[in-house]
Amino acid sequence: MPGAAEAVGSHCQVAALRCRCPLISALLKGAMTETTASTTPRTDTAPRRHELLAGSGEAVVLCDRHGTVLAVDGRVELLPDTGPGAMIGARPDTGTLRWRRHDLPDGRHLWYVRDVAEETERTDALLAERARSGFLASASRRLGLSLHPARTARAVVDLAVPKLGDTAMVLAPPSAGRVSWWRSDASGWVQQTRLPEPVVDAMAGLRTHCSPWVVEELTEAGWLWPAEQRPVSALVISLPGNGNPAGVLVLTRSAEFTDEDLALIEEFCSRAGIALAGAALYADQVRTASTLQRSLLPAPLPYVEGMSFGAAYRASREALRIGGDFYEVLPLSDGTALFALGDVCGKGVEAAVLTGEVRQSLRALSRLERDPLRLLALINETMLDGKAMPDRRFVTMVLGHAAPAADGGLELTLAVGGHLPPLLLRGDASVEPVDLRGTLIGVFPDARFAGGVVRLNPGETCVLYSDGVTEAKGSRGMFGERRLADALTGCAVMPAGAVAERVELLTTEWLGGRDHDDIAVLALRADPTC
């Protein structure tokens, strides 16, 4: 390279450049070496200049101050059309080549040229994966915001357009011969017999991908889009659920689906299917709980001459509004009445089922037996006989028989099995607990229950309550039996319904919005004669 050697300059400049940049040093050294080859012999073991520069992965171009190429070295195959005498402009970046300029002290400059095709490909792949992961993460968050099936299906449609397709449609599994569907602009239902074959296959769990016959089948059906908006490609895919498909997603596009598109759609459908299956399961549980709750709601309180009843009930918020507390008032043909308030161990569906069984047993057995003590014994036997295996479920209960007295009051025959003692609101404004306890119901075959007879004078009230009242936890601790008795002092003049509502109101205020156990109150008042 004689031209490069002539432009090198002084020995001091060369030494300084060698210290600043190894590649520059190598290039300049090579230029000088060629001019001094006769005085400095090259050893066989010393690496050659082009070998050093080729290992850098870059092409090196030396230009004068006007941009004329003086020499090219390194990966010269990157610049097949560039050689000495060529001109290089100020911004020579072309295609996948990246040019980096380094100015030399004598006015010349170097260009380092690197092929970034592979690097760009990796960067694009990384950005695409980030976008894909970001979309799936955002979709998971959005799909997890609701447990309502229709809202979840709507979210699936909104997420799919335009990321996955130009149009999207979600169809739910058939119910009563009909299939509900959602689009971005509408929703409705269609008869199961009118579904196109690709949708029928997807409903059965067969994954149908885009193909010309899918477009033909959906277009001929005429219920997905107008004929003038016929797409180029369509995709019908099953949304995996809990063992069975949670629905079907129909996507259309004005362009073909690529393999990358299908991979992303598969991942999205997995998340959408889980969300739809969860929403459907929750909806089923809510329907079951609501049906069970309606069946467990006590009948309206009856009217029995000489006595009046009042009740209040609030189920724990933890148990889908189904509680284990219950009360019953059963008028008898002789003008008397049986009344009861009980508490089943636990919460939720299991406690509600046991509550229903105890209430049904009480109603059936009351036709044969009216004595409260013997009734509790029969209920205890019934619970023990009905247990397929030992468990820890039990019931506490206050059971009473109210009969009008000759002076206008009431005679109450009470039996208690492990329950809190009733409170008597006396006419002198005092509150008197009935000290009866007894053992739990449904645990021991030889259970012993406590019984006794109390009298209510006209205008006096007997109050039965569950531990959800006394064990209500507020900012100052539990409500407690003493605080309840103090709150009922002087309340005998109130109607039975008002007494029950007062107990519930005081308990709710004490809780201050905190979680609570089931709350049940039953009040029986001896109506004074006119």
# chains A, B, ... in the order shown; residues from 1 in each chain; ligands from 1
>>> residues_around(residues="Ala71 in chain A", least_positions_apart="3", cutoff="7 Å", atoms="only C-alpha atoms", output="ChimeraX atom specification")
/A:4,61-62,83-84
>>> write_last_selection(atoms="N, CA and C atoms", output="PDB file, in the first residue's frame")
ATOM      1  N   ALA A   4      -0.788   4.688   1.143  1.00  0.00           N
ATOM      2  CA  ALA A   4      -1.008   4.837   2.582  1.00  0.00           C
ATOM      3  C   ALA A   4       0.290   5.125   3.305  1.00  0.00           C
ATOM      4  N   VAL A  61     -11.755   0.929   6.657  1.00  0.00           N
ATOM      5  CA  VAL A  61     -11.517   1.720   5.449  1.00  0.00           C
ATOM      6  C   VAL A  61     -10.784   2.994   5.848  1.00  0.00           C
ATOM      7  N   LEU A  62      -9.609   3.240   5.253  1.00  0.00           N
ATOM      8  CA  LEU A  62      -8.834   4.442   5.495  1.00  0.00           C
ATOM      9  C   LEU A  62      -9.106   5.443   4.377  1.00  0.00           C
ATOM     10  N   GLY A  83     -12.936   0.213  -3.026  1.00  0.00           N
ATOM     11  CA  GLY A  83     -11.487   0.036  -3.097  1.00  0.00           C
ATOM     12  C   GLY A  83     -10.807   1.385  -3.146  1.00  0.00           C
ATOM     13  N   PRO A  84      -9.488   1.399  -3.197  1.00  0.00           N
ATOM     14  CA  PRO A  84      -8.760   2.668  -3.274  1.00  0.00           C
ATOM     15  C   PRO A  84      -9.240   3.528  -4.430  1.00  0.00           C
TER      16      PRO A  84
END
>>> closest_residue(among="A:Val116, A:Met383, A:Leu78, A:Ala415", to="Arg370 in chain A", atoms="only C-alpha atoms")
A:Ala415
>>> residues_around(residues="Ser366 in chain A", least_positions_apart="2", cutoff="12 Å", atoms="only C-alpha atoms", output="ChimeraX atom specification")
/A:328-333,337-340,358-364,368-376,378-379,399-401
>>> write_last_selection(atoms="N, CA, C and O atoms", output="compact mmCIF listing (two decimals), in the first residue's frame")
# COMPACT_ATOMS: atom_id res chain seq x y z
N GLU A 328 -87.01 -21.53 63.51
CA GLU A 328 -88.27 -22.13 63.05
C GLU A 328 -89.38 -21.78 64.04
O GLU A 328 -89.16 -21.73 65.25
N VAL A 329 -90.57 -21.53 63.50
CA VAL A 329 -91.79 -21.38 64.31
C VAL A 329 -92.86 -22.26 63.66
O VAL A 329 -93.20 -22.06 62.48
N LEU A 330 -93.35 -23.25 64.41
CA LEU A 330 -94.30 -24.22 63.88
C LEU A 330 -95.59 -24.15 64.69
O LEU A 330 -95.65 -24.64 65.83
N PRO A 331 -96.63 -23.53 64.14
CA PRO A 331 -97.92 -23.51 64.85
C PRO A 331 -98.51 -24.92 64.93
O PRO A 331 -98.39 -25.71 63.99
N LEU A 332 -99.13 -25.23 66.06
CA LEU A 332 -99.76 -26.53 66.26
C LEU A 332 -101.28 -26.37 66.29
O LEU A 332 -101.81 -25.27 66.51
N SER A 333 -101.93 -27.48 66.02
CA SER A 333 -103.39 -27.44 65.88
C SER A 333 -104.13 -27.08 67.16
O SER A 333 -105.28 -26.64 67.12
N ALA A 337 -97.50 -23.50 69.96
CA ALA A 337 -96.49 -23.39 68.91
C ALA A 337 -95.16 -23.94 69.39
O ALA A 337 -94.80 -23.80 70.57
N LEU A 338 -94.44 -24.56 68.49
CA LEU A 338 -93.06 -24.94 68.71
C LEU A 338 -92.15 -23.88 68.07
O LEU A 338 -92.42 -23.42 66.95
N PHE A 339 -91.12 -23.52 68.76
CA PHE A 339 -90.17 -22.54 68.20
C PHE A 339 -88.76 -23.01 68.51
O PHE A 339 -88.50 -23.69 69.53
N ALA A 340 -87.83 -22.69 67.62
CA ALA A 340 -86.45 -23.15 67.79
C ALA A 340 -85.50 -22.18 67.13
O ALA A 340 -85.83 -21.50 66.14
N VAL A 358 -81.55 -30.75 59.53
CA VAL A 358 -82.05 -30.58 60.90
C VAL A 358 -83.43 -29.94 60.88
O VAL A 358 -84.34 -30.36 61.62
N ARG A 359 -83.61 -28.96 60.02
CA ARG A 359 -84.93 -28.30 59.97
C ARG A 359 -86.00 -29.27 59.48
O ARG A 359 -87.12 -29.29 60.02
N GLN A 360 -85.67 -30.07 58.47
CA GLN A 360 -86.64 -31.04 57.99
C GLN A 360 -86.95 -32.09 59.06
O GLN A 360 -88.11 -32.52 59.21
N SER A 361 -85.93 -32.52 59.79
CA SER A 361 -86.15 -33.47 60.87
C SER A 361 -87.05 -32.87 61.94
O SER A 361 -87.97 -33.54 62.46
N LEU A 362 -86.81 -31.62 62.28
CA LEU A 362 -87.64 -30.96 63.30
C LEU A 362 -89.09 -30.87 62.84
O LEU A 362 -90.02 -31.15 63.62
N ARG A 363 -89.32 -30.51 61.60
CA ARG A 363 -90.70 -30.40 61.10
C ARG A 363 -91.39 -31.76 61.09
O ARG A 363 -92.57 -31.88 61.45
N ALA A 364 -90.64 -32.80 60.64
CA ALA A 364 -91.26 -34.12 60.58
C ALA A 364 -91.53 -34.69 61.97
O ALA A 364 -92.61 -35.23 62.25
N LEU A 368 -95.00 -35.95 65.54
CA LEU A 368 -95.11 -37.11 66.41
C LEU A 368 -94.83 -36.78 67.87
O LEU A 368 -95.32 -37.46 68.77
N GLU A 369 -94.02 -35.75 68.09
CA GLU A 369 -93.60 -35.43 69.46
C GLU A 369 -93.55 -33.91 69.63
O GLU A 369 -93.03 -33.21 68.78
N ARG A 370 -94.12 -33.44 70.78
CA ARG A 370 -94.16 -32.00 71.04
C ARG A 370 -93.35 -31.61 72.26
O ARG A 370 -93.17 -30.41 72.50
N ASP A 371 -92.90 -32.59 73.03
CA ASP A 371 -92.09 -32.27 74.19
C ASP A 371 -90.69 -31.90 73.73
O ASP A 371 -90.01 -32.68 73.04
N PRO A 372 -90.19 -30.68 74.07
CA PRO A 372 -88.89 -30.23 73.57
C PRO A 372 -87.74 -31.16 73.91
O PRO A 372 -86.86 -31.40 73.07
N LEU A 373 -87.70 -31.70 75.15
CA LEU A 373 -86.59 -32.58 75.51
C LEU A 373 -86.57 -33.84 74.66
O LEU A 373 -85.52 -34.27 74.17
N ARG A 374 -87.74 -34.47 74.52
CA ARG A 374 -87.78 -35.69 73.71
C ARG A 374 -87.52 -35.39 72.24
O ARG A 374 -86.93 -36.21 71.52
N LEU A 375 -87.94 -34.21 71.77
CA LEU A 375 -87.66 -33.82 70.39
C LEU A 375 -86.16 -33.70 70.15
O LEU A 375 -85.63 -34.15 69.12
N LEU A 376 -85.44 -33.07 71.09
CA LEU A 376 -83.99 -32.95 70.93
C LEU A 376 -83.34 -34.31 70.90
O LEU A 376 -82.39 -34.55 70.14
N LEU A 378 -84.67 -37.11 69.84
CA LEU A 378 -84.95 -37.73 68.54
C LEU A 378 -84.08 -37.11 67.44
O LEU A 378 -83.59 -37.84 66.55
N ILE A 379 -83.90 -35.79 67.46
CA ILE A 379 -83.04 -35.14 66.46
C ILE A 379 -81.60 -35.63 66.61
O ILE A 379 -80.89 -35.87 65.62
N LEU A 399 -84.90 -25.21 71.89
CA LEU A 399 -86.19 -25.66 71.38
C LEU A 399 -87.24 -25.41 72.46
O LEU A 399 -87.03 -25.74 73.63
N GLY A 400 -88.34 -24.80 72.07
CA GLY A 400 -89.37 -24.47 73.05
C GLY A 400 -90.77 -24.74 72.56
O GLY A 400 -91.03 -24.80 71.36
N HIS A 401 -91.65 -24.92 73.55
CA HIS A 401 -93.08 -25.09 73.27
C HIS A 401 -93.81 -23.99 74.03
O HIS A 401 -93.67 -23.86 75.26
>>> residues_around(residues="Ala352 in chain A", least_positions_apart="4", cutoff="12 Å", atoms="only C-alpha atoms", output="MDAnalysis selection string")
chainID A and resid 288:297 315:316 319:326 343:348 356:359 393 395 518
>>> select_by_dssp(residues="range 203-376 of chain A", states="helix (DSSP H, G or I)", output="ChimeraX atom specification")
/A:203,212-221,227-229,259-296,317-319,348-365,372-376
>>> residues_around(residues="Arg108 in chain A", least_positions_apart="3", cutoff="6 Å", atoms="only C-alpha atoms", output="list in words")
Cys63, Asp64, Arg65 and Leu104 of chain A
>>> closest_residue(among="A:Arg287, A:Ser180, A:Ala377, A:Trp510", to="Phe444 in chain A", atoms="only C-alpha atoms")
A:Ala377
>>> residues_around(residues="Gly427 in chain A", least_positions_apart="6", cutoff="7 Å", atoms="only C-alpha atoms", output="list in words")
Gly459, Glu460 and Ala492 of chain A
>>> closest_residue(among="A:Gly310, A:Pro298, A:Gly512, A:Pro404", to="Leu464 in chain A", atoms="only C-alpha atoms")
A:Gly310
>>> closest_residue(among="A:Ala139, A:Ala429, A:Ala496, A:Ala402", to="Leu264 in chain A", atoms="only C-alpha atoms")
A:Ala139
>>> residues_around(residues="His516 in chain A", least_positions_apart="6", cutoff="9 Å", atoms="only C-alpha atoms", output="number ranges by chain")
A: 315-318, 468-469, 471-473, 508
>>> write_last_selection(atoms="N, CA, C and O atoms", output="PDB file, in the first residue's frame")
ATOM      1  N   ALA A 315     -76.406 -13.686  57.296  1.00  0.00           N
ATOM      2  CA  ALA A 315     -75.412 -14.748  57.084  1.00  0.00           C
ATOM      3  C   ALA A 315     -74.014 -14.157  56.987  1.00  0.00           C
ATOM      4  O   ALA A 315     -73.825 -12.992  56.664  1.00  0.00           O
ATOM      5  N   SER A 316     -73.037 -14.980  57.292  1.00  0.00           N
ATOM      6  CA  SER A 316     -71.643 -14.552  57.182  1.00  0.00           C
ATOM      7  C   SER A 316     -71.318 -14.222  55.737  1.00  0.00           C
ATOM      8  O   SER A 316     -71.720 -14.918  54.812  1.00  0.00           O
ATOM      9  N   ARG A 317     -70.547 -13.165  55.504  1.00  0.00           N
ATOM     10  CA  ARG A 317     -70.143 -12.779  54.154  1.00  0.00           C
ATOM     11  C   ARG A 317     -69.151 -13.763  53.551  1.00  0.00           C
ATOM     12  O   ARG A 317     -68.928 -13.767  52.358  1.00  0.00           O
ATOM     13  N   GLU A 318     -68.538 -14.598  54.360  1.00  0.00           N
ATOM     14  CA  GLU A 318     -67.561 -15.556  53.858  1.00  0.00           C
ATOM     15  C   GLU A 318     -68.223 -16.726  53.157  1.00  0.00           C
ATOM     16  O   GLU A 318     -67.565 -17.529  52.523  1.00  0.00           O
ATOM     17  N   GLY A 468     -73.188 -15.668  66.897  1.00  0.00           N
ATOM     18  CA  GLY A 468     -72.754 -14.582  66.019  1.00  0.00           C
ATOM     19  C   GLY A 468     -73.023 -13.221  66.615  1.00  0.00           C
ATOM     20  O   GLY A 468     -72.391 -12.230  66.221  1.00  0.00           O
ATOM     21  N   VAL A 469     -73.922 -13.143  67.585  1.00  0.00           N
ATOM     22  CA  VAL A 469     -74.215 -11.880  68.283  1.00  0.00           C
ATOM     23  C   VAL A 469     -73.173 -11.630  69.362  1.00  0.00           C
ATOM     24  O   VAL A 469     -72.501 -10.592  69.383  1.00  0.00           O
ATOM     25  N   GLU A 471     -70.330 -13.124  69.995  1.00  0.00           N
ATOM     26  CA  GLU A 471     -68.930 -13.239  69.599  1.00  0.00           C
ATOM     27  C   GLU A 471     -68.553 -12.280  68.480  1.00  0.00           C
ATOM     28  O   GLU A 471     -67.477 -12.413  67.882  1.00  0.00           O
ATOM     29  N   ALA A 472     -69.418 -11.323  68.189  1.00  0.00           N
ATOM     30  CA  ALA A 472     -69.086 -10.303  67.183  1.00  0.00           C
ATOM     31  C   ALA A 472     -67.892  -9.487  67.667  1.00  0.00           C
ATOM     32  O   ALA A 472     -67.916  -8.943  68.768  1.00  0.00           O
ATOM     33  N   LYS A 473     -66.841  -9.399  66.842  1.00  0.00           N
ATOM     34  CA  LYS A 473     -65.606  -8.726  67.235  1.00  0.00           C
ATOM     35  C   LYS A 473     -65.539  -7.334  66.625  1.00  0.00           C
ATOM     36  O   LYS A 473     -65.519  -7.176  65.409  1.00  0.00           O
ATOM     37  N   THR A 508     -74.354  -5.216  64.342  1.00  0.00           N
ATOM     38  CA  THR A 508     -73.745  -4.695  63.112  1.00  0.00           C
ATOM     39  C   THR A 508     -72.926  -3.438  63.400  1.00  0.00           C
ATOM     40  O   THR A 508     -71.818  -3.262  62.871  1.00  0.00           O
TER      41      THR A 508
END
>>> select_by_dssp(residues="range 47-151 of chain A", states="strand (DSSP E)", output="list in words")
Ala59, Val60, Val61, Leu62, Cys63, Val69, Leu70, Ala71, Val72, Asp73, Gly74, Leu97, Arg98, Trp99, Arg100, Arg101, His102, Asp103, His109, Leu110, Trp111, Tyr112, Val113, Arg114 and Asp115 of chain A
>>> write_last_selection(atoms="N, CA and C atoms", output="PDB file, in the first residue's frame")
ATOM      1  N   ALA A  59     -14.785  -4.523   8.689  1.00  0.00           N
ATOM      2  CA  ALA A  59     -13.946  -4.009   7.607  1.00  0.00           C
ATOM      3  C   ALA A  59     -13.451  -2.627   8.005  1.00  0.00           C
ATOM      4  N   VAL A  60     -12.205  -2.316   7.704  1.00  0.00           N
ATOM      5  CA  VAL A  60     -11.609  -1.028   8.059  1.00  0.00           C
ATOM      6  C   VAL A  60     -11.234  -0.304   6.771  1.00  0.00           C
ATOM      7  N   VAL A  61     -11.755   0.929   6.657  1.00  0.00           N
ATOM      8  CA  VAL A  61     -11.517   1.720   5.449  1.00  0.00           C
ATOM      9  C   VAL A  61     -10.784   2.994   5.848  1.00  0.00           C
ATOM     10  N   LEU A  62      -9.609   3.240   5.253  1.00  0.00           N
ATOM     11  CA  LEU A  62      -8.834   4.442   5.495  1.00  0.00           C
ATOM     12  C   LEU A  62      -9.106   5.443   4.377  1.00  0.00           C
ATOM     13  N   CYS A  63      -9.531   6.657   4.748  1.00  0.00           N
ATOM     14  CA  CYS A  63      -9.864   7.698   3.761  1.00  0.00           C
ATOM     15  C   CYS A  63      -9.054   8.952   4.063  1.00  0.00           C
ATOM     16  N   VAL A  69     -11.027   6.842  -0.635  1.00  0.00           N
ATOM     17  CA  VAL A  69     -10.529   5.625   0.000  1.00  0.00           C
ATOM     18  C   VAL A  69      -9.057   5.448  -0.350  1.00  0.00           C
ATOM     19  N   LEU A  70      -8.254   5.266   0.718  1.00  0.00           N
ATOM     20  CA  LEU A  70      -6.829   5.006   0.536  1.00  0.00           C
ATOM     21  C   LEU A  70      -6.510   3.527   0.646  1.00  0.00           C
ATOM     22  N   ALA A  71      -7.243   2.841   1.587  1.00  0.00           N
ATOM     23  CA  ALA A  71      -6.975   1.414   1.785  1.00  0.00           C
ATOM     24  C   ALA A  71      -8.181   0.767   2.434  1.00  0.00           C
ATOM     25  N   VAL A  72      -8.365  -0.529   2.187  1.00  0.00           N
ATOM     26  CA  VAL A  72      -9.437  -1.327   2.779  1.00  0.00           C
ATOM     27  C   VAL A  72      -8.820  -2.597   3.327  1.00  0.00           C
ATOM     28  N   ASP A  73      -9.165  -2.931   4.572  1.00  0.00           N
ATOM     29  CA  ASP A  73      -8.597  -4.129   5.171  1.00  0.00           C
ATOM     30  C   ASP A  73      -9.639  -4.774   6.087  1.00  0.00           C
ATOM     31  N   GLY A  74      -9.265  -5.882   6.717  1.00  0.00           N
ATOM     32  CA  GLY A  74     -10.205  -6.591   7.583  1.00  0.00           C
ATOM     33  C   GLY A  74     -11.136  -7.457   6.762  1.00  0.00           C
ATOM     34  N   LEU A  97     -25.386  -2.891   6.848  1.00  0.00           N
ATOM     35  CA  LEU A  97     -24.047  -2.469   7.230  1.00  0.00           C
ATOM     36  C   LEU A  97     -24.113  -1.197   8.064  1.00  0.00           C
ATOM     37  N   ARG A  98     -23.370  -1.190   9.164  1.00  0.00           N
ATOM     38  CA  ARG A  98     -23.284  -0.015  10.030  1.00  0.00           C
ATOM     39  C   ARG A  98     -21.847   0.511   9.997  1.00  0.00           C
ATOM     40  N   TRP A  99     -21.719   1.834   9.712  1.00  0.00           N
ATOM     41  CA  TRP A  99     -20.414   2.487   9.547  1.00  0.00           C
ATOM     42  C   TRP A  99     -20.144   3.380  10.759  1.00  0.00           C
ATOM     43  N   ARG A 100     -18.968   3.233  11.330  1.00  0.00           N
ATOM     44  CA  ARG A 100     -18.576   4.071  12.471  1.00  0.00           C
ATOM     45  C   ARG A 100     -17.271   4.789  12.114  1.00  0.00           C
ATOM     46  N   ARG A 101     -17.278   6.115  12.232  1.00  0.00           N
ATOM     47  CA  ARG A 101     -16.136   6.922  11.780  1.00  0.00           C
ATOM     48  C   ARG A 101     -15.219   7.254  12.949  1.00  0.00           C
ATOM     49  N   HIS A 102     -13.914   7.244  12.661  1.00  0.00           N
ATOM     50  CA  HIS A 102     -12.913   7.669  13.642  1.00  0.00           C
ATOM     51  C   HIS A 102     -11.937   8.610  12.943  1.00  0.00           C
ATOM     52  N   ASP A 103     -11.847   9.849  13.412  1.00  0.00           N
ATOM     53  CA  ASP A 103     -10.984  10.856  12.805  1.00  0.00           C
ATOM     54  C   ASP A 103      -9.562  10.721  13.328  1.00  0.00           C
ATOM     55  N   HIS A 109      -9.325   9.912   8.092  1.00  0.00           N
ATOM     56  CA  HIS A 109     -10.274   9.247   8.994  1.00  0.00           C
ATOM     57  C   HIS A 109     -10.437   7.781   8.588  1.00  0.00           C
ATOM     58  N   LEU A 110     -10.898   7.026   9.567  1.00  0.00           N
ATOM     59  CA  LEU A 110     -11.130   5.604   9.377  1.00  0.00           C
ATOM     60  C   LEU A 110     -12.626   5.311   9.486  1.00  0.00           C
ATOM     61  N   TRP A 111     -13.082   4.373   8.706  1.00  0.00           N
ATOM     62  CA  TRP A 111     -14.450   3.839   8.831  1.00  0.00           C
ATOM     63  C   TRP A 111     -14.355   2.377   9.279  1.00  0.00           C
ATOM     64  N   TYR A 112     -15.098   2.064  10.342  1.00  0.00           N
ATOM     65  CA  TYR A 112     -15.237   0.685  10.795  1.00  0.00           C
ATOM     66  C   TYR A 112     -16.614   0.199  10.355  1.00  0.00           C
ATOM     67  N   VAL A 113     -16.636  -0.822   9.558  1.00  0.00           N
ATOM     68  CA  VAL A 113     -17.880  -1.293   8.947  1.00  0.00           C
ATOM     69  C   VAL A 113     -18.216  -2.674   9.524  1.00  0.00           C
ATOM     70  N   ARG A 114     -19.454  -2.790  10.020  1.00  0.00           N
ATOM     71  CA  ARG A 114     -19.886  -4.032  10.653  1.00  0.00           C
ATOM     72  C   ARG A 114     -21.222  -4.470  10.065  1.00  0.00           C
ATOM     73  N   ASP A 115     -21.352  -5.783   9.847  1.00  0.00           N
ATOM     74  CA  ASP A 115     -22.610  -6.357   9.352  1.00  0.00           C
ATOM     75  C   ASP A 115     -23.514  -6.640  10.557  1.00  0.00           C
TER      76      ASP A 115
END
>>> atom_distance(atom1="CA of Gly490 in chain A", atom2="CA of Arg426 in chain A")
8.0 Å
>>> atom_distance(atom1="CA of Leu425 in chain A", atom2="CA of Gly452 in chain A")
17.2 Å
